[in-house]
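Asks: upload-v4.tsv (TSV, C-alpha atoms) pasted underneath:
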```tsv
chain	number	residue	atom	x	y	z
A	7	MET	CA	0.00	0.00	0.00
A	8	TYR	CA	2.96	2.28	0.69
A	9	ILE	CA	4.06	1.93	-2.93
A	10	VAL	CA	0.53	2.70	-4.15
A	11	PHE	CA	0.46	5.88	-2.05
A	12	PHE	CA	3.85	6.93	-3.39
A	13	LEU	CA	2.92	6.22	-7.01
A	14	MET	CA	-0.34	8.16	-6.62
A	15	TRP	CA	1.69	11.07	-5.24
A	16	LEU	CA	3.93	11.04	-8.31
A	17	ILE	CA	1.00	10.75	-10.72
A	18	PHE	CA	-0.93	13.61	-9.12
A	19	ASN	CA	2.13	15.87	-9.13
A	20	GLY	CA	2.69	15.40	-12.84
A	21	LYS	CA	6.45	15.82	-12.73
A	22	VAL	CA	9.36	14.16	-10.98
A	23	THR	CA	11.98	16.15	-9.10
A	24	LEU	CA	14.13	15.25	-6.13
A	25	GLU	CA	12.02	17.46	-3.86
A	26	ILE	CA	8.76	15.84	-5.01
A	27	ILE	CA	10.21	12.35	-4.55
A	28	LEU	CA	11.49	13.04	-1.02
A	29	PHE	CA	8.29	14.77	0.04
A	30	GLY	CA	6.24	11.96	-1.56
A	31	LEU	CA	8.16	9.32	0.40
A	32	ALA	CA	7.37	11.18	3.63
A	33	VAL	CA	3.68	11.69	2.80
A	34	ALA	CA	3.29	8.05	1.75
A	35	ALA	CA	4.91	6.96	5.03
A	36	LEU	CA	2.54	9.15	7.06
A	37	LEU	CA	-0.53	7.84	5.20
A	38	TYR	CA	0.64	4.26	5.62
A	39	ALA	CA	1.21	4.80	9.34
A	40	PHE	CA	-2.26	6.34	9.62
A	41	ILE	CA	-4.05	3.41	7.97
A	42	CYS	CA	-2.07	0.94	10.05
A	43	ALA	CA	-2.96	2.75	13.27
A	44	PHE	CA	-6.60	3.64	12.68
A	45	MET	CA	-7.97	1.49	9.86
A	46	ASP	CA	-7.01	-2.05	10.93
A	47	TYR	CA	-4.37	-2.41	8.23
A	48	SER	CA	-0.98	-4.06	8.51
A	49	PHE	CA	2.08	-5.09	6.54
A	50	LYS	CA	0.77	-8.67	6.75
A	51	LYS	CA	-2.28	-7.64	4.69
A	52	ASP	CA	0.06	-6.15	2.08
A	53	ILE	CA	1.82	-9.49	1.81
A	54	ILE	CA	-1.50	-11.35	1.45
A	55	VAL	CA	-2.64	-8.98	-1.31
A	56	PHE	CA	0.71	-9.35	-3.09
A	57	ARG	CA	0.48	-13.17	-2.93
A	58	LYS	CA	-3.12	-13.04	-4.18
A	59	SER	CA	-2.50	-10.46	-6.92
A	60	PHE	CA	-2.61	-13.12	-9.68
A	61	CYS	CA	-5.94	-14.47	-8.36
A	62	ILE	CA	-7.31	-10.93	-8.11
A	63	LEU	CA	-6.33	-10.15	-11.71
A	64	GLN	CA	-7.83	-13.45	-12.82
A	65	TYR	CA	-11.07	-12.59	-10.99
A	66	VAL	CA	-11.23	-9.18	-12.70
A	67	ALA	CA	-10.68	-10.82	-16.11
A	68	VAL	CA	-13.47	-13.35	-15.44
A	69	LEU	CA	-15.76	-10.54	-14.24
A	70	VAL	CA	-15.18	-8.56	-17.44
A	71	TRP	CA	-15.83	-11.68	-19.53
A	72	GLU	CA	-19.06	-12.45	-17.64
A	73	ILE	CA	-20.20	-8.85	-18.08
A	74	ILE	CA	-19.65	-9.11	-21.84
A	75	LYS	CA	-21.53	-12.43	-22.03
A	76	ALA	CA	-24.42	-11.06	-19.98
A	77	ASN	CA	-24.59	-7.94	-22.15
A	78	VAL	CA	-25.02	-10.10	-25.24
A	79	ALA	CA	-27.69	-12.23	-23.52
A	80	VAL	CA	-29.63	-9.20	-22.29
A	81	MET	CA	-29.45	-7.52	-25.70
A	82	HIS	CA	-30.83	-10.70	-27.24
A	83	MET	CA	-33.68	-10.75	-24.70
A	84	ILE	CA	-34.56	-7.11	-25.27
A	85	LEU	CA	-34.26	-7.03	-29.04
A	86	SER	CA	-35.98	-10.34	-29.75
A	87	PRO	CA	-39.68	-9.67	-30.40
A	88	ARG	CA	-40.72	-13.26	-29.59
A	89	TYR	CA	-38.87	-13.54	-26.30
A	90	GLN	CA	-41.00	-13.19	-23.17
A	91	ASN	CA	-39.04	-12.22	-20.07
A	92	GLU	CA	-39.89	-13.96	-16.81
A	93	PRO	CA	-38.39	-11.85	-14.01
A	94	VAL	CA	-37.35	-13.78	-10.91
A	95	LEU	CA	-36.59	-12.72	-7.36
A	96	MET	CA	-34.44	-15.47	-5.92
A	97	HIS	CA	-32.81	-16.17	-2.57
A	98	PHE	CA	-29.69	-18.22	-2.07
A	99	LYS	CA	-27.18	-18.88	0.66
A	100	THR	CA	-23.44	-19.03	0.27
A	101	ASP	CA	-20.72	-20.40	2.48
A	102	LEU	CA	-18.21	-17.61	1.88
A	103	LYS	CA	-16.51	-16.86	5.19
A	104	THR	CA	-15.34	-13.25	4.95
A	105	LYS	CA	-17.46	-10.14	4.66
A	106	THR	CA	-15.17	-8.87	1.91
A	107	ALA	CA	-15.81	-11.93	-0.25
A	108	ARG	CA	-19.57	-11.71	0.32
A	109	ALA	CA	-19.63	-8.02	-0.60
A	110	LEU	CA	-17.46	-8.69	-3.66
A	111	LEU	CA	-19.89	-11.39	-4.79
A	112	ALA	CA	-22.87	-9.05	-4.31
A	113	ASN	CA	-21.14	-6.31	-6.31
A	114	SER	CA	-20.13	-8.74	-9.05
A	115	ILE	CA	-23.72	-9.92	-9.40
A	116	THR	CA	-24.94	-6.33	-9.60
A	117	LEU	CA	-22.30	-5.38	-12.17
A	118	THR	CA	-23.40	-8.23	-14.42
A	119	PRO	CA	-26.24	-6.98	-16.67
A	120	GLY	CA	-29.65	-8.49	-16.02
A	121	THR	CA	-29.05	-9.16	-12.31
A	122	ILE	CA	-29.20	-6.94	-9.24
A	123	THR	CA	-28.36	-7.87	-5.68
A	124	VAL	CA	-31.35	-6.54	-3.76
A	125	SER	CA	-30.08	-7.44	-0.30
A	126	LEU	CA	-27.31	-9.27	1.49
A	127	GLU	CA	-27.89	-10.26	5.09
A	128	GLU	CA	-25.07	-12.32	6.60
A	129	ASP	CA	-24.76	-15.07	3.98
A	130	VAL	CA	-28.23	-14.88	2.36
A	131	TYR	CA	-28.52	-13.06	-0.94
A	132	THR	CA	-31.69	-11.76	-2.56
A	133	VAL	CA	-31.14	-11.27	-6.28
A	134	HIS	CA	-33.52	-9.91	-8.92
A	135	CYS	CA	-32.94	-11.41	-12.35
A	136	LEU	CA	-34.37	-10.01	-15.57
A	137	ASP	CA	-35.16	-13.55	-16.66
A	138	LYS	CA	-35.17	-16.96	-15.00
A	139	SER	CA	-32.42	-18.14	-17.38
A	140	LEU	CA	-30.06	-15.62	-15.75
A	141	ALA	CA	-30.83	-17.07	-12.31
A	142	GLU	CA	-29.71	-20.59	-13.18
A	143	GLY	CA	-26.54	-21.57	-11.32
A	144	ILE	CA	-26.06	-18.18	-9.69
A	145	ASP	CA	-25.56	-19.79	-6.27
A	146	ASN	CA	-22.59	-21.81	-7.56
A	147	SER	CA	-21.29	-19.42	-10.20
A	148	VAL	CA	-17.71	-18.95	-11.27
A	149	PHE	CA	-17.56	-15.94	-8.93
A	150	VAL	CA	-18.41	-18.08	-5.90
A	151	ARG	CA	-15.85	-20.72	-6.83
A	152	MET	CA	-13.08	-18.18	-7.37
A	153	LEU	CA	-13.85	-16.35	-4.12
A	154	LYS	CA	-13.79	-19.63	-2.18
A	155	LYS	CA	-10.42	-20.42	-3.73
A	156	MET	CA	-9.08	-17.00	-2.70
A	157	GLU	CA	-10.41	-17.45	0.86
A	158	GLU	CA	-8.71	-20.84	1.18
A	159	GLY	CA	-5.40	-19.31	0.16
A	160	ILE	CA	-5.73	-16.52	2.73
A	161	GLU	CA	-6.36	-18.90	5.61
A	162	ALA	CA	-3.46	-21.17	4.69
```
Rewrite the structure from the file as structure tokens, please.

Replies:
Amino acid sequence: MYIVFFLMWLIFNGKVTLEIILFGLAVAALLYAFICAFMDYSFKKDIIVFRKSFCILQYVAVLVWEIIKANVAVMHMILSPRYQNEPVLMHFKTDLKTKTARALLANSITLTPGTITVSLEEDVYTVHCLDKSLAEGIDNSVFVRMLKKMEEGIEA
């Protein structure tokens, strides 16, 4: 996170001089100390994120691919004159352990066209789907499998 703060400092300044670099190192250190002291952050979390960076990038790539596929499906539903949508409000439970993973799943569902996470209470999701075909397999989707895999790696 320290490196991210420092890089953001350089980007926002727009130029690189010795004074900007030295001041940026100090500001990044102060911000990092602040988040460690008051926002329940630690160097250990940096190491976990670094180890999981490949999985995170893979998750983002899968999310983008699923968004593209859902866009095509929703366009087909909307533009097809013979297709009759059957909206569904479904509930499902997941066994994701961390709040972060559960929130990430809810946001991923909402980002995917044709589905909206209406509520998330503990581990129970309420999802509105534009059509019942979009609701099939949502409780064991690729997002759930990837998040479980990331959680297993964090605990190990």

Asks: If we count only C-alpha atoms, what is near Ala35 of chain A at a cut-off of 8 Å, once residues fewer than 4 positions away on the same chain are taken out, given as a list in words?

Replies: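 Once the adjacent positions are removed, what remains is Tyr8, Leu31 and Ala39 of chain A.
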
Asks: Show me, as a count of residues only, the residues that have an atom within 10 Å of Ser139 of chain A when counting all atoms listed in the file, minus same-chain residues fewer than 4 positions from it.

Replies: 8

Asks: Distance atom CA of Leu13 of chain A-atom CA of Leu28 of chain A, one decimal place?

Replies: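 Pair atom CA of Leu13 of chain A / atom CA of Leu28 of chain A returns 12.5 Å.
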
Asks: Closest to Gly120 of chain A among A:Leu136, A:Ile53, A:Leu36, A:Met14, using all atoms listed in the file?

Replies: A:Leu136

Asks: Neighbouring residues of segment 68-73 of chain A were defined as those with any atom within 9 Å, considering all atoms listed in the file; residues of the same chain fewer than 6 positions away were excluded. Please report them as a list in words.

Replies: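 Counting only the stated atoms, we get Ser114, Leu117, Thr118, Pro119, Val148 and Phe149 of chain A.
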
Asks: Please, could you write that set of residues out with C-alpha atoms as an mmCIF file, in the frame of the given file?

Replies:
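Output (out.cif):
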```cif
data_model
loop_
_atom_site.group_PDB
_atom_site.id
_atom_site.type_symbol
_atom_site.label_atom_id
_atom_site.label_comp_id
_atom_site.auth_asym_id
_atom_site.auth_seq_id
_atom_site.Cartn_x
_atom_site.Cartn_y
_atom_site.Cartn_z
ATOM 1 C CA SER A 114 -20.130 -8.740 -9.050
ATOM 2 C CA LEU A 117 -22.300 -5.380 -12.170
ATOM 3 C CA THR A 118 -23.400 -8.230 -14.420
ATOM 4 C CA PRO A 119 -26.240 -6.980 -16.670
ATOM 5 C CA VAL A 148 -17.710 -18.950 -11.270
ATOM 6 C CA PHE A 149 -17.560 -15.940 -8.930
#
```

Asks: In terms of the shortest atom-to-atom distance over only C-alpha atoms, which of A:Leu153, A:Val133, A:Val66, A:Met83 is closest to Arg108 of chain A?

Replies: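 The answer is A:Leu153, which sits nearest to Arg108 of chain A.
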
Asks: Go ahead and find all residues with at least one atom no further than 7 Å from (-33.3, -6.2, -22.3) in the file's coordinates, using only C-alpha atoms; report them as a list of chain:residue names.

Replies: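 Here the neighbourhood of the point contains A:Val80, A:Met81, A:Met83, A:Ile84, A:Leu85.
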
Asks: For Ala32 of chain A, which residue out of A:Trp15, A:Lys50, A:Lys105, A:Leu111 is the nearest one, using only C-alpha atoms?

Replies: A:Trp15

Asks: Grab the atom CA of Phe12 of chain A to atom CA of Ser59 of chain A distance for me, in Å with one decimal place.

Replies: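 Separation between atom CA of Phe12 of chain A and atom CA of Ser59 of chain A: 18.8 Å.
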
Asks: Can you rebuild segment 89-124 of chain A with N, CA and C atoms and give it as a PDB file, in the coordinates of the input?

Replies:
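The result, written out as out_12.pdb:
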```pdb
ATOM      1  N   TYR A  89     -39.330 -13.105 -27.616  1.00  0.00           N
ATOM      2  CA  TYR A  89     -38.870 -13.540 -26.300  1.00  0.00           C
ATOM      3  C   TYR A  89     -39.705 -12.890 -25.204  1.00  0.00           C
ATOM      4  N   GLN A  90     -40.226 -13.690 -24.305  1.00  0.00           N
ATOM      5  CA  GLN A  90     -41.000 -13.190 -23.170  1.00  0.00           C
ATOM      6  C   GLN A  90     -40.167 -13.327 -21.898  1.00  0.00           C
ATOM      7  N   ASN A  91     -39.819 -12.202 -21.302  1.00  0.00           N
ATOM      8  CA  ASN A  91     -39.040 -12.220 -20.070  1.00  0.00           C
ATOM      9  C   ASN A  91     -39.881 -12.728 -18.914  1.00  0.00           C
ATOM     10  N   GLU A  92     -39.251 -13.502 -18.049  1.00  0.00           N
ATOM     11  CA  GLU A  92     -39.890 -13.960 -16.810  1.00  0.00           C
ATOM     12  C   GLU A  92     -39.005 -13.529 -15.646  1.00  0.00           C
ATOM     13  N   PRO A  93     -39.216 -12.325 -15.123  1.00  0.00           N
ATOM     14  CA  PRO A  93     -38.390 -11.850 -14.010  1.00  0.00           C
ATOM     15  C   PRO A  93     -38.505 -12.772 -12.792  1.00  0.00           C
ATOM     16  N   VAL A  94     -37.405 -12.899 -12.075  1.00  0.00           N
ATOM     17  CA  VAL A  94     -37.350 -13.780 -10.910  1.00  0.00           C
ATOM     18  C   VAL A  94     -36.668 -13.047  -9.761  1.00  0.00           C
ATOM     19  N   LEU A  95     -37.230 -13.197  -8.584  1.00  0.00           N
ATOM     20  CA  LEU A  95     -36.590 -12.720  -7.360  1.00  0.00           C
ATOM     21  C   LEU A  95     -36.188 -13.970  -6.594  1.00  0.00           C
ATOM     22  N   MET A  96     -34.894 -14.218  -6.536  1.00  0.00           N
ATOM     23  CA  MET A  96     -34.440 -15.470  -5.920  1.00  0.00           C
ATOM     24  C   MET A  96     -33.602 -15.211  -4.680  1.00  0.00           C
ATOM     25  N   HIS A  97     -33.604 -16.199  -3.803  1.00  0.00           N
ATOM     26  CA  HIS A  97     -32.810 -16.170  -2.570  1.00  0.00           C
ATOM     27  C   HIS A  97     -31.852 -17.347  -2.617  1.00  0.00           C
ATOM     28  N   PHE A  98     -30.615 -17.103  -2.209  1.00  0.00           N
ATOM     29  CA  PHE A  98     -29.690 -18.220  -2.070  1.00  0.00           C
ATOM     30  C   PHE A  98     -28.694 -17.912  -0.962  1.00  0.00           C
ATOM     31  N   LYS A  99     -28.120 -18.978  -0.452  1.00  0.00           N
ATOM     32  CA  LYS A  99     -27.180 -18.880   0.660  1.00  0.00           C
ATOM     33  C   LYS A  99     -25.807 -19.323   0.167  1.00  0.00           C
ATOM     34  N   THR A 100     -24.792 -18.661   0.652  1.00  0.00           N
ATOM     35  CA  THR A 100     -23.440 -19.030   0.270  1.00  0.00           C
ATOM     36  C   THR A 100     -22.627 -19.338   1.523  1.00  0.00           C
ATOM     37  N   ASP A 101     -21.560 -20.076   1.337  1.00  0.00           N
ATOM     38  CA  ASP A 101     -20.720 -20.400   2.480  1.00  0.00           C
ATOM     39  C   ASP A 101     -19.380 -19.650   2.441  1.00  0.00           C
ATOM     40  N   LEU A 102     -19.397 -18.461   1.836  1.00  0.00           N
ATOM     41  CA  LEU A 102     -18.210 -17.610   1.880  1.00  0.00           C
ATOM     42  C   LEU A 102     -18.019 -17.134   3.315  1.00  0.00           C
ATOM     43  N   LYS A 103     -16.779 -17.120   3.780  1.00  0.00           N
ATOM     44  CA  LYS A 103     -16.510 -16.860   5.190  1.00  0.00           C
ATOM     45  C   LYS A 103     -16.320 -15.376   5.516  1.00  0.00           C
ATOM     46  N   THR A 104     -15.675 -14.634   4.630  1.00  0.00           N
ATOM     47  CA  THR A 104     -15.340 -13.250   4.950  1.00  0.00           C
ATOM     48  C   THR A 104     -16.387 -12.279   4.407  1.00  0.00           C
ATOM     49  N   LYS A 105     -16.533 -11.170   5.108  1.00  0.00           N
ATOM     50  CA  LYS A 105     -17.460 -10.140   4.660  1.00  0.00           C
ATOM     51  C   LYS A 105     -17.004  -9.535   3.332  1.00  0.00           C
ATOM     52  N   THR A 106     -15.704  -9.433   3.154  1.00  0.00           N
ATOM     53  CA  THR A 106     -15.170  -8.870   1.910  1.00  0.00           C
ATOM     54  C   THR A 106     -15.574  -9.727   0.719  1.00  0.00           C
ATOM     55  N   ALA A 107     -15.443 -11.037   0.849  1.00  0.00           N
ATOM     56  CA  ALA A 107     -15.810 -11.930  -0.250  1.00  0.00           C
ATOM     57  C   ALA A 107     -17.300 -11.864  -0.538  1.00  0.00           C
ATOM     58  N   ARG A 108     -18.116 -11.797   0.518  1.00  0.00           N
ATOM     59  CA  ARG A 108     -19.570 -11.710   0.320  1.00  0.00           C
ATOM     60  C   ARG A 108     -19.956 -10.407  -0.371  1.00  0.00           C
ATOM     61  N   ALA A 109     -19.336  -9.305   0.033  1.00  0.00           N
ATOM     62  CA  ALA A 109     -19.630  -8.020  -0.600  1.00  0.00           C
ATOM     63  C   ALA A 109     -19.138  -8.003  -2.054  1.00  0.00           C
ATOM     64  N   LEU A 110     -17.988  -8.620  -2.293  1.00  0.00           N
ATOM     65  CA  LEU A 110     -17.460  -8.690  -3.660  1.00  0.00           C
ATOM     66  C   LEU A 110     -18.381  -9.508  -4.553  1.00  0.00           C
ATOM     67  N   LEU A 111     -18.933 -10.594  -4.024  1.00  0.00           N
ATOM     68  CA  LEU A 111     -19.890 -11.390  -4.790  1.00  0.00           C
ATOM     69  C   LEU A 111     -21.149 -10.582  -5.095  1.00  0.00           C
ATOM     70  N   ALA A 112     -21.669  -9.873  -4.105  1.00  0.00           N
ATOM     71  CA  ALA A 112     -22.870  -9.050  -4.310  1.00  0.00           C
ATOM     72  C   ALA A 112     -22.614  -7.981  -5.372  1.00  0.00           C
ATOM     73  N   ASN A 113     -21.470  -7.340  -5.320  1.00  0.00           N
ATOM     74  CA  ASN A 113     -21.140  -6.310  -6.310  1.00  0.00           C
ATOM     75  C   ASN A 113     -20.934  -6.911  -7.695  1.00  0.00           C
ATOM     76  N   SER A 114     -20.337  -8.085  -7.760  1.00  0.00           N
ATOM     77  CA  SER A 114     -20.130  -8.740  -9.050  1.00  0.00           C
ATOM     78  C   SER A 114     -21.459  -9.121  -9.689  1.00  0.00           C
ATOM     79  N   ILE A 115     -22.391  -9.587  -8.889  1.00  0.00           N
ATOM     80  CA  ILE A 115     -23.720  -9.920  -9.400  1.00  0.00           C
ATOM     81  C   ILE A 115     -24.412  -8.663  -9.918  1.00  0.00           C
ATOM     82  N   THR A 116     -24.303  -7.574  -9.189  1.00  0.00           N
ATOM     83  CA  THR A 116     -24.940  -6.330  -9.600  1.00  0.00           C
ATOM     84  C   THR A 116     -24.292  -5.748 -10.850  1.00  0.00           C
ATOM     85  N   LEU A 117     -22.984  -5.886 -10.984  1.00  0.00           N
ATOM     86  CA  LEU A 117     -22.300  -5.380 -12.170  1.00  0.00           C
ATOM     87  C   LEU A 117     -22.651  -6.155 -13.429  1.00  0.00           C
ATOM     88  N   THR A 118     -23.057  -7.399 -13.269  1.00  0.00           N
ATOM     89  CA  THR A 118     -23.400  -8.230 -14.420  1.00  0.00           C
ATOM     90  C   THR A 118     -24.795  -7.834 -14.900  1.00  0.00           C
ATOM     91  N   PRO A 119     -24.938  -7.420 -16.158  1.00  0.00           N
ATOM     92  CA  PRO A 119     -26.240  -6.980 -16.670  1.00  0.00           C
ATOM     93  C   PRO A 119     -27.318  -8.050 -16.532  1.00  0.00           C
ATOM     94  N   GLY A 120     -28.505  -7.600 -16.158  1.00  0.00           N
ATOM     95  CA  GLY A 120     -29.650  -8.490 -16.020  1.00  0.00           C
ATOM     96  C   GLY A 120     -29.859  -9.002 -14.612  1.00  0.00           C
ATOM     97  N   THR A 121     -28.924  -8.718 -13.706  1.00  0.00           N
ATOM     98  CA  THR A 121     -29.050  -9.160 -12.310  1.00  0.00           C
ATOM     99  C   THR A 121     -28.716  -8.007 -11.378  1.00  0.00           C
ATOM    100  N   ILE A 122     -29.452  -7.959 -10.269  1.00  0.00           N
ATOM    101  CA  ILE A 122     -29.200  -6.940  -9.240  1.00  0.00           C
ATOM    102  C   ILE A 122     -29.292  -7.607  -7.878  1.00  0.00           C
ATOM    103  N   THR A 123     -28.302  -7.392  -7.049  1.00  0.00           N
ATOM    104  CA  THR A 123     -28.360  -7.870  -5.680  1.00  0.00           C
ATOM    105  C   THR A 123     -29.230  -6.899  -4.890  1.00  0.00           C
ATOM    106  N   VAL A 124     -30.396  -7.374  -4.476  1.00  0.00           N
ATOM    107  CA  VAL A 124     -31.350  -6.540  -3.760  1.00  0.00           C
ATOM    108  C   VAL A 124     -30.934  -6.395  -2.296  1.00  0.00           C
TER     109      VAL A 124
END
```
